[in-house]
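> The structure's right below; bear with me while I get my questions together.
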Amino acid sequence: MSTRTLDLPAAKSLFASPFEGPGLRLIAAAMVVFNGFFPALWILLTSLKGEAELVSKPITYWPANATLHNYIQAFTDQPLLRYLGNSFWVALLATVSSLIVSALAAYAIARLNLKHRQLILTAIVASSMFPLVTLLVPIFETMRSLGLLNTYIALVLPYTVLNLPVCTLVLVSFFQSIPKDLENAAMIDGCTRMGALVRVVLPLAAPGVFTAGILAFVNSWDEFLLALSLNSSATMRTLPVGITLYQGEFTFPWPIISAALIVAIVPVAVLIAIFQERVVGGLTQGGLKG
Amino acid sequence: MNAPSTWDRIRDPSEKTLAVLLLAPAFLLLALIVVYPIGKLIWNSFHDLRLSGGTGAVKFIGIQNYIDVAHDKDFWNAAKNTLLFTVITVPGALVVGLGLAMLANLPFKRRWPVRLALLLPWALPLSFVGLIFAWFFHTEYGVVNDVARRLGNAHQTMWLLSPGYAFAAICFAIIWKTSSFMALILLAGLQMIPRTLYEAAEVDGASKWQQFWQITVPMLMPSIIVALIFRTITALQTFDIPVTMTHGGPGNATQTLAMLIHATTIDYLDVGYGSTLAVFMFALSLCVTAVYLRRIGRE
């Protein structure tokens, strides 16, 4: 890249930015990377410190005597494994149910001869945009009367609604990108419409389904308010709620909280690290989350 | 020719039947989780509905709850805090996000570290972010005060224990958390701007500053507006970060509407009054949604 810039002075104008040399580009990259990672990095360093080092002043940035003791504490002070399991199952079930519901709706919107296509899509997107907190009480009442409080279903149902806009938008655009002729050919060869959907369209839309699935998983994994309100029993808490319970009324065992946070961050960090291009693509296509 | 059997009709439904079948799950779910709750919410708001204490009986009380809300200091305080968080963190996240997007748009050889650095804050649960920044702003052992001390400010600011500072600390955490999502959306917008525009501007002698205001900003406007609308809707629901950083304190200096609704209904079980509060918040977010829908309608 740098040699080309030397050969062609005009290439300078390609980027409307004051950061032009490779050195300055490195600084720019370092700034973005630092901004993204410094909180997680600080939590990681804190999690390796012993109690004595934590309360020594001035604070140390690099742990002098690194210990993994806090990680053991994190699993014994609170049922962290249970929280991880709950979060995993809730997020997984919510993802599957979001994908089924939104794939069906998206197929109808993208492919069938609907009169009010745009209106239906807008209705789905807009009605899921209402703040969940305002609907918290009626949802709480509904789940209580159905006897669903402190079950996975209590969270999976509203999370499916939460994921509906993003998943539907991503899938509609994927379905629209699959040539209709392929489907027609399958139907001429004797497939029924449903057969064509299952055997031709869904396999081709697999990347879209996958992208929507990751977004749905992260959205569900992160949710706090409903998890706090609907699943409050100790055995049914999800990670974002459980992680706030290490603090006592007057005590904040920061190294243990930090260790628990690191354990909780790693699974999702790995997931997005592996699939980052898909995640970015999906977010910018149907990006609805703040 | 035989009339199609029931089995055939199930296997190969008409276009119309199929549409109804495919859309049914989504709309049933929306009915259960959104439409019915909205109706129930409005019904609740006209009733005295306390699940603990009180008589336990449901009593129709007309607009009494609405009158009470209008005179409720806690409501106005929470409404003020919510709006303040919104007007500070939404533009804040936009400015920081635009900066990050422009840095991330440079032609790096390896894109993944930058991309991952933008994705991580987006993927972190808000409650984690609240806890992490509570630790950052810790009076005794927090990084923020340590950096201030090293820069020569010996005074230890009690960040989360004084109203103004607590508010600022929460804004900082929210902006950090939300700006990377903003950056991702804006980055996609930046990459759509044709380079020839900048080349032409360069030839015409436009400065970088002029290029930014006359090319980048106008071309990005559609992405900016969409990002702003969604950010505003989530900002009005601010809950997780203040809960984990300050519990709304000191006093109720950082309590938001969402926190007040949650406390009134889930903690104090005053469902009638809590629902009335929620109706107010619902109306507020409806305005923002309306702006969004008008925008979609125009496209």
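Labels used: A, B, ... for chains in the order of the structure tokens, numbers from 1 for residues in each chain, and numbers from 1 for ligands as shown.
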Would you kindly return, as a PyMOL selection string, each protein, DNA or RNA residue with an atom no farther than 7 Å from any atom of stretch 246-255 of chain B, considering only C-alpha atoms and excluding same-chain residues fewer than 3 positions away?
chain B and resi 78+81+160-163+167+242-243+259-260
> May I have the selected residues written with C-alpha atoms, as a tab-separated table (two decimals), in the first residue's frame?

chain	number	residue	atom	x	y	z
B	78	ALA	CA	-37.30	10.20	36.69
B	81	ASN	CA	-33.27	12.09	34.28
B	160	LEU	CA	-20.80	7.44	42.26
B	161	LEU	CA	-21.72	9.11	45.53
B	162	SER	CA	-22.34	12.67	44.37
B	163	PRO	CA	-25.31	13.39	42.08
B	167	PHE	CA	-24.72	11.24	36.30
B	242	PRO	CA	-27.75	3.00	36.21
B	243	VAL	CA	-29.10	-0.02	38.11
B	259	MET	CA	-36.27	2.09	36.99
B	260	LEU	CA	-39.23	3.83	38.61
> With chain A as the partner and 6 Å as the cut-off, tabulate the residues of chain B that qualify, each row holding the nearest pair of atoms and their distance in Å to one decimal, using only C-alpha atoms, sorted by chain and rising number, as JSON lines.

{"residue": "B:Asp12", "atom": "CA", "partner": "A:Thr192", "partner_atom": "CA", "distance": 5.7}
{"residue": "B:Ala19", "atom": "CA", "partner": "A:Ala108", "partner_atom": "CA", "distance": 5.6}
{"residue": "B:Leu22", "atom": "CA", "partner": "A:Leu104", "partner_atom": "CA", "distance": 4.9}
{"residue": "B:Leu23", "atom": "CA", "partner": "A:Ala105", "partner_atom": "CA", "distance": 4.8}
{"residue": "B:Pro25", "atom": "CA", "partner": "A:Val101", "partner_atom": "CA", "distance": 5.9}
{"residue": "B:Ala26", "atom": "CA", "partner": "A:Val101", "partner_atom": "CA", "distance": 5.7}
{"residue": "B:Pro37", "atom": "CA", "partner": "A:Pro138", "partner_atom": "CA", "distance": 4.9}
{"residue": "B:Leu103", "atom": "CA", "partner": "A:Ala28", "partner_atom": "CA", "distance": 5.6}
{"residue": "B:Val114", "atom": "CA", "partner": "A:Val33", "partner_atom": "CA", "distance": 5.6}
{"residue": "B:Ala117", "atom": "CA", "partner": "A:Gly36", "partner_atom": "CA", "distance": 4.3}
{"residue": "B:Leu118", "atom": "CA", "partner": "A:Gly36", "partner_atom": "CA", "distance": 5.9}
{"residue": "B:Pro125", "atom": "CA", "partner": "A:Asp222", "partner_atom": "CA", "distance": 4.3}
{"residue": "B:Ser127", "atom": "CA", "partner": "A:Pro240", "partner_atom": "CA", "distance": 5.9}
{"residue": "B:Thr178", "atom": "CA", "partner": "A:Gly290", "partner_atom": "CA", "distance": 5.7}
{"residue": "B:Ile185", "atom": "CA", "partner": "A:Thr284", "partner_atom": "CA", "distance": 5.4}
{"residue": "B:Glu199", "atom": "CA", "partner": "A:Ser13", "partner_atom": "CA", "distance": 5.9}
{"residue": "B:Arg231", "atom": "CA", "partner": "A:Gly290", "partner_atom": "CA", "distance": 5.4}
{"residue": "B:Ala278", "atom": "CA", "partner": "A:Thr134", "partner_atom": "CA", "distance": 4.6}
> With a distance cut-off of 8 Å and only C-alpha atoms, select the neighbouring residues of B:Val96, excluding the residue or stretch itself and same-chain residues fewer than 2 positions from it, and output the selection as a ChimeraX atom specification.
/B:92-94,98-100,175,179,183
> Could you please determine the separation between atom CA of B:Thr82 and atom CA of B:Leu286 in Å, to one decimal place?
15.4 Å
> Grab the atom CA of B:Ile61 to atom CA of B:Val279 distance for me, in Å with one decimal place.
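One can read the atom CA of B:Ile61 to atom CA of B:Val279 distance as 16.0 Å.
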> Please measure the separation of atom CA of B:Thr232 and atom CA of B:Ala290, giving the value in Å to one decimal.
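Rounded to one decimal, the two atoms are 12.5 Å apart.
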> Give me, as a list in words, all polymer residues having an atom no more than 7 Å from stretch 65-73 of chain A, counting only C-alpha atoms and skipping those fewer than 6 positions away in the same chain.
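Contacts, in chain order: Ser47, Leu48, Lys49, Gly50, Pro255, Ile256, Ala259 and Ala260 of chain A.
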> Let me make sure I understand: among A:Ala52, A:Ile188, A:Val263, A:Leu245, which one has the smallest atom-to-atom distance to A:Ala64 if we use only C-alpha atoms?
A:Ala52
